[in-house]
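Visitor: run_34.cif is reproduced below (mmCIF, C-alpha atoms).
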data_model
loop_
_atom_site.label_atom_id
_atom_site.label_comp_id
_atom_site.auth_asym_id
_atom_site.auth_seq_id
_atom_site.Cartn_x
_atom_site.Cartn_y
_atom_site.Cartn_z
CA MET A 1 -57.13 39.87 -0.81
CA LYS A 2 -53.93 37.89 -0.29
CA ASN A 3 -55.46 36.16 2.75
CA LYS A 4 -58.53 35.16 0.74
CA LEU A 5 -56.32 33.69 -1.97
CA ILE A 6 -54.30 31.71 0.58
CA LEU A 7 -57.53 30.50 2.23
CA PHE A 8 -58.95 29.50 -1.16
CA ILE A 9 -55.80 27.55 -2.07
CA LEU A 10 -55.73 25.86 1.34
CA LEU A 11 -59.40 24.84 1.14
CA THR A 12 -58.96 23.56 -2.41
CA PHE A 13 -55.99 21.46 -1.31
CA ILE A 14 -57.94 20.03 1.64
CA ILE A 15 -60.96 19.17 -0.53
CA ILE A 16 -58.81 17.49 -3.18
CA SER A 17 -56.87 15.57 -0.54
CA CYS A 18 -60.02 14.32 1.14
CA SER A 19 -61.80 13.36 -2.06
CA LYS A 20 -58.90 11.24 -3.29
CA GLY A 21 -58.52 9.34 -0.01
CA GLU A 22 -60.18 5.99 -0.61
CA LYS A 23 -58.67 4.53 2.53
CA TYR A 24 -57.23 5.59 5.82
CA ILE A 25 -56.40 4.20 9.23
CA LYS A 26 -57.54 5.83 12.43
CA GLN A 27 -57.56 4.78 16.05
CA ASP A 28 -60.45 4.37 18.43
CA ASP A 29 -60.43 5.66 22.00
CA ASN A 30 -58.57 2.53 23.14
CA GLY A 31 -55.82 2.92 20.53
CA ARG A 32 -57.06 0.09 18.29
CA LYS A 33 -56.69 0.49 14.53
CA ILE A 34 -59.77 1.12 12.44
CA LEU A 35 -59.24 0.50 8.73
CA VAL A 36 -61.62 2.55 6.58
CA GLY A 37 -61.93 2.28 2.79
CA ASN A 38 -60.64 -0.15 0.16
CA PHE A 39 -57.74 -2.35 1.20
CA THR A 40 -56.06 -5.36 -0.30
CA TRP A 41 -55.98 -8.46 1.90
CA GLU A 42 -52.21 -8.06 2.07
CA GLU A 43 -52.58 -4.49 3.39
CA TRP A 44 -55.20 -5.65 5.90
CA GLN A 45 -52.92 -8.46 7.05
CA LYS A 46 -49.98 -6.07 7.40
CA GLU A 47 -52.01 -3.71 9.60
CA MET A 48 -54.01 -6.23 11.62
CA ASN A 49 -51.91 -9.43 11.52
CA TRP A 50 -55.03 -11.62 11.58
CA HIS A 51 -55.04 -15.34 10.91
CA ILE A 52 -57.52 -18.21 11.04
CA GLU A 53 -58.34 -18.97 14.65
CA GLY A 54 -59.18 -22.54 15.57
CA TYR A 55 -60.11 -25.32 13.18
CA PHE A 56 -61.20 -24.44 9.65
CA GLU A 57 -61.88 -26.93 6.88
CA ILE A 58 -63.29 -26.27 3.43
CA ASN A 59 -65.85 -28.83 2.23
CA PRO A 60 -64.35 -30.37 -0.95
CA THR A 61 -67.75 -31.03 -2.57
CA GLU A 62 -68.94 -27.46 -2.04
CA LEU A 63 -65.51 -26.20 -3.10
CA ASP A 64 -65.78 -28.01 -6.44
CA LYS A 65 -69.28 -26.58 -6.99
CA LEU A 66 -68.05 -23.10 -6.13
CA LYS A 67 -65.09 -23.35 -8.51
CA SER A 68 -67.42 -24.47 -11.29
CA TYR A 69 -69.84 -21.57 -10.73
CA LEU A 70 -67.02 -19.04 -10.62
CA LYS A 71 -65.55 -20.31 -13.89
CA GLN A 72 -68.95 -20.21 -15.64
CA ASN A 73 -69.90 -16.76 -14.37
CA THR A 74 -67.18 -14.30 -15.21
CA ASP A 75 -69.31 -11.25 -14.39
CA LEU A 76 -69.24 -11.86 -10.65
CA THR A 77 -67.79 -9.48 -8.09
CA ILE A 78 -67.79 -9.82 -4.32
CA LEU A 79 -67.87 -6.86 -1.95
CA ILE A 80 -66.64 -7.59 1.55
CA PHE A 81 -67.60 -5.00 4.17
CA ALA A 82 -65.47 -5.55 7.24
CA GLY A 83 -64.75 -3.88 10.55
CA SER A 84 -61.20 -4.11 11.87
CA TRP A 85 -62.71 -3.31 15.28
CA CYS A 86 -65.27 -6.18 15.08
CA GLY A 87 -64.79 -9.59 16.67
CA ASP A 88 -67.01 -11.29 14.05
CA THR A 89 -64.88 -9.85 11.27
CA LYS A 90 -61.68 -10.91 13.03
CA SER A 91 -63.05 -14.44 13.28
CA GLU A 92 -64.55 -14.76 9.79
CA LEU A 93 -62.55 -12.58 7.38
CA PRO A 94 -59.41 -14.76 7.39
CA LYS A 95 -61.56 -17.83 6.64
CA PHE A 96 -63.37 -16.10 3.80
CA MET A 97 -60.14 -14.79 2.31
CA LYS A 98 -58.63 -18.29 2.51
CA LEU A 99 -61.66 -19.59 0.59
CA LEU A 100 -61.26 -16.93 -2.13
CA GLU A 101 -57.56 -17.74 -2.36
CA THR A 102 -58.30 -21.47 -2.63
CA VAL A 103 -60.74 -20.96 -5.53
CA GLU A 104 -58.40 -18.39 -7.08
CA PHE A 105 -61.08 -15.69 -7.13
CA ASP A 106 -59.66 -12.19 -7.12
CA LYS A 107 -62.60 -10.06 -8.26
CA TYR A 108 -63.44 -8.72 -4.83
CA GLU A 109 -63.25 -5.48 -2.91
CA LEU A 110 -62.32 -5.53 0.76
CA ILE A 111 -63.93 -2.44 2.25
CA GLY A 112 -63.18 -1.41 5.81
CA VAL A 113 -65.88 0.48 7.68
CA ASP A 114 -65.76 2.41 10.92
CA ARG A 115 -68.08 1.74 13.88
CA ASP A 116 -70.80 3.82 12.17
CA LYS A 117 -70.41 1.55 9.09
CA TYR A 118 -69.03 4.50 7.10
CA GLU A 119 -66.47 4.25 4.31
CA PRO A 120 -65.49 7.02 1.86
CA THR A 121 -66.80 5.55 -1.43
CA GLY A 122 -70.44 5.55 -0.33
CA LYS A 123 -70.94 1.85 -1.07
CA HIS A 124 -72.00 1.34 2.55
CA LYS A 125 -75.09 3.43 1.71
CA THR A 126 -75.70 1.81 -1.68
CA TYR A 127 -75.76 -1.66 -0.12
CA PHE A 128 -77.37 -0.67 3.20
CA ILE A 129 -74.58 -2.01 5.39
CA ASN A 130 -75.57 -2.11 9.04
CA ARG A 131 -73.65 -5.17 10.22
CA VAL A 132 -70.20 -6.52 9.57
CA MET A 133 -68.84 -8.69 8.20
CA THR A 134 -71.20 -8.49 5.19
CA VAL A 135 -70.40 -10.22 1.89
CA VAL A 136 -72.36 -8.93 -1.11
CA VAL A 137 -72.31 -10.99 -4.30
CA LEU A 138 -72.83 -9.04 -7.52
CA GLU A 139 -73.51 -10.27 -11.04
CA ASP A 140 -73.11 -7.58 -13.70
CA GLY A 141 -73.08 -5.02 -10.89
CA LYS A 142 -76.41 -6.13 -9.41
CA GLU A 143 -76.75 -7.77 -6.04
CA ILE A 144 -77.80 -11.42 -6.22
CA GLY A 145 -77.24 -12.30 -2.58
CA ARG A 146 -75.43 -11.57 0.64
CA ILE A 147 -74.11 -13.20 3.76
CA THR A 148 -74.22 -11.11 6.92
CA GLU A 149 -71.91 -11.68 9.89
CA PHE A 150 -71.71 -15.50 9.70
CA PRO A 151 -72.63 -18.09 7.07
CA VAL A 152 -75.65 -20.28 7.78
CA GLU A 153 -73.91 -23.51 6.77
CA SER A 154 -70.38 -22.60 5.65
CA TRP A 155 -68.84 -19.86 3.51
CA GLU A 156 -68.52 -22.15 0.51
CA ALA A 157 -72.00 -23.71 0.87
CA ASP A 158 -73.69 -20.34 1.35
CA LEU A 159 -71.91 -18.90 -1.70
CA VAL A 160 -72.97 -21.92 -3.77
CA GLN A 161 -76.57 -21.36 -2.63
CA ILE A 162 -76.37 -17.72 -3.78
CA LEU A 163 -74.79 -18.70 -7.10
CA ASN A 164 -77.50 -21.33 -7.66
CA LYS A 165 -79.87 -18.42 -8.27
CA ILE A 166 -78.02 -17.45 -11.46
CA PRO A 167 -79.73 -18.84 -14.57
CA THR A 168 -77.44 -20.98 -16.70
CA HIS A 169 -76.62 -19.48 -20.09
#
For the file at hand, write its structure as structure tokens.
Guide:
Amino acid sequence: MKNKLILFILLTFIIISCSKGEKYIKQDDNGRKILVGNFTWEEWQKEMNWHIEGYFEINPTELDKLKSYLKQNTDLTILIFAGSWCGDTKSELPKFMKLLETVEFDKYELIGVDRDKYEPTGKHKTYFINRVMTVVVLEDGKEIGRITEFPVESWEADLVQILNKIPTH
């Protein structure tokens, strides 16, 4: 009976520990870090030490449009699904985060996924994530658009195009 009680307590502890873990860091077979779950950009930077590679310029006209949309639409949230193991994410995430910083938009979630596109909150299933980096734009919790891997024109222009779909109030 004592062994069953100890086993029950141990299993309960493991289940509680796992269910509360919204983020963790593991390593792949080559020893590279894989960030899984919700991270702040600061935490991501601390772990990965990524920066903008090469030339990156934000279009001032599109930037002004983006700022205007973001001020008018306060019910927007952006989900960023990223892979710390992915070259596309390494190239594009610092640029996208610089854009969000420039427009002073902080209503985003940075969600790390493993190579199977898994993360512990289940949002990868809700939003059918099969490529990274994927940016999902939500208004009132409903998806209004997404950018997958790379923008077509630029991050700011593609976001403006998505936000153009929102009816003016």
Visitor: Using only C-alpha atoms, collect all residues at a distance of at most 10 Å from (-67.5, -3.9, 2.5) as written in the file, then present them as a count of residues only.
Guide: 29
Visitor: Counting only C-alpha atoms, which of A:Ser154, A:Gln72, A:Ser84, A:Asn130 gets nearest to Lys26 of chain A?
Guide: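 Looking only at the distances to Lys26 of chain A, the closest residue turns out to be A:Ser84.
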Visitor: How would you write, as a CSV table (one decimal) with C-alpha atoms, in the frame of the given file, the residues chosen by the PyMOL selection byres ((chain A and resi 163) around 9) on this structure?
Guide:
chain,number,residue,atom,x,y,z
A,66,LEU,CA,-68.0,-23.1,-6.1
A,69,TYR,CA,-69.8,-21.6,-10.7
A,70,LEU,CA,-67.0,-19.0,-10.6
A,73,ASN,CA,-69.9,-16.8,-14.4
A,137,VAL,CA,-72.3,-11.0,-4.3
A,144,ILE,CA,-77.8,-11.4,-6.2
A,145,GLY,CA,-77.2,-12.3,-2.6
A,158,ASP,CA,-73.7,-20.3,1.4
A,159,LEU,CA,-71.9,-18.9,-1.7
A,160,VAL,CA,-73.0,-21.9,-3.8
A,161,GLN,CA,-76.6,-21.4,-2.6
A,162,ILE,CA,-76.4,-17.7,-3.8
A,164,ASN,CA,-77.5,-21.3,-7.7
A,165,LYS,CA,-79.9,-18.4,-8.3
A,166,ILE,CA,-78.0,-17.4,-11.5
A,167,PRO,CA,-79.7,-18.8,-14.6
Visitor: I'd like the contact shell of Thr61 of chain A - 10 Å cut-off, all atoms listed in the file, skipping same-chain residues fewer than 3 positions apart - returned as an NGL selection string.
Guide: :A and (58 or 64-66 or 156-157)
Visitor: Do you have the atom CA of Arg32 of chain A-atom CA of Met48 of chain A distance handy?
Guide: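 Computing it gives 9.7 Å between the two atoms.
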Visitor: Going by the chain IDs and residue numbers used in this file, which residues fall under the PyMOL selection byres ((chain A and resi 50) around 7)? Write them as a count of residues only.
Guide: 6
Visitor: Taking the file above as input, evaluate the PyMOL selection byres ((chain A and resi 53) around 12) and report the hits as a JSON list (two decimals) with C-alpha atoms, in the frame of the given file.
Guide:
[["chain", "number", "residue", "atom", "x", "y", "z"],
["A", 49, "ASN", "CA", -51.91, -9.43, 11.52],
["A", 50, "TRP", "CA", -55.03, -11.62, 11.58],
["A", 51, "HIS", "CA", -55.04, -15.34, 10.91],
["A", 52, "ILE", "CA", -57.52, -18.21, 11.04],
["A", 54, "GLY", "CA", -59.18, -22.54, 15.57],
["A", 55, "TYR", "CA", -60.11, -25.32, 13.18],
["A", 56, "PHE", "CA", -61.20, -24.44, 9.65],
["A", 57, "GLU", "CA", -61.88, -26.93, 6.88],
["A", 87, "GLY", "CA", -64.79, -9.59, 16.67],
["A", 88, "ASP", "CA", -67.01, -11.29, 14.05],
["A", 89, "THR", "CA", -64.88, -9.85, 11.27],
["A", 90, "LYS", "CA", -61.68, -10.91, 13.03],
["A", 91, "SER", "CA", -63.05, -14.44, 13.28],
["A", 92, "GLU", "CA", -64.55, -14.76, 9.79],
["A", 93, "LEU", "CA", -62.55, -12.58, 7.38],
["A", 94, "PRO", "CA", -59.41, -14.76, 7.39],
["A", 95, "LYS", "CA", -61.56, -17.83, 6.64]]
Visitor: Quick one: distance from atom CA of Phe96 of chain A to atom CA of Asp29 of chain A in Å, one decimal?
Guide: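 So the two atoms, atom CA of Phe96 of chain A and atom CA of Asp29 of chain A, lie 28.5 Å apart.
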Visitor: Which of these residues is nearest to Leu100 of chain A, using all atoms listed in the file: A:Lys142, A:Lys125, A:Lys67, A:Arg115?
Guide: A:Lys67
Visitor: I'd like the interatomic distance between atom CA of Thr102 of chain A and atom CA of Ser68 of chain A, to a tenth of an Å.
Guide: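 Value for the atom CA of Thr102 of chain A-atom CA of Ser68 of chain A distance: 12.9 Å.
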Visitor: Closest to Trp85 of chain A among A:Asp114, A:Asp140, A:Glu42, A:Glu47, using all atoms listed in the file?
Guide: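 Result for the nearest residue to Trp85 of chain A: A:Asp114.
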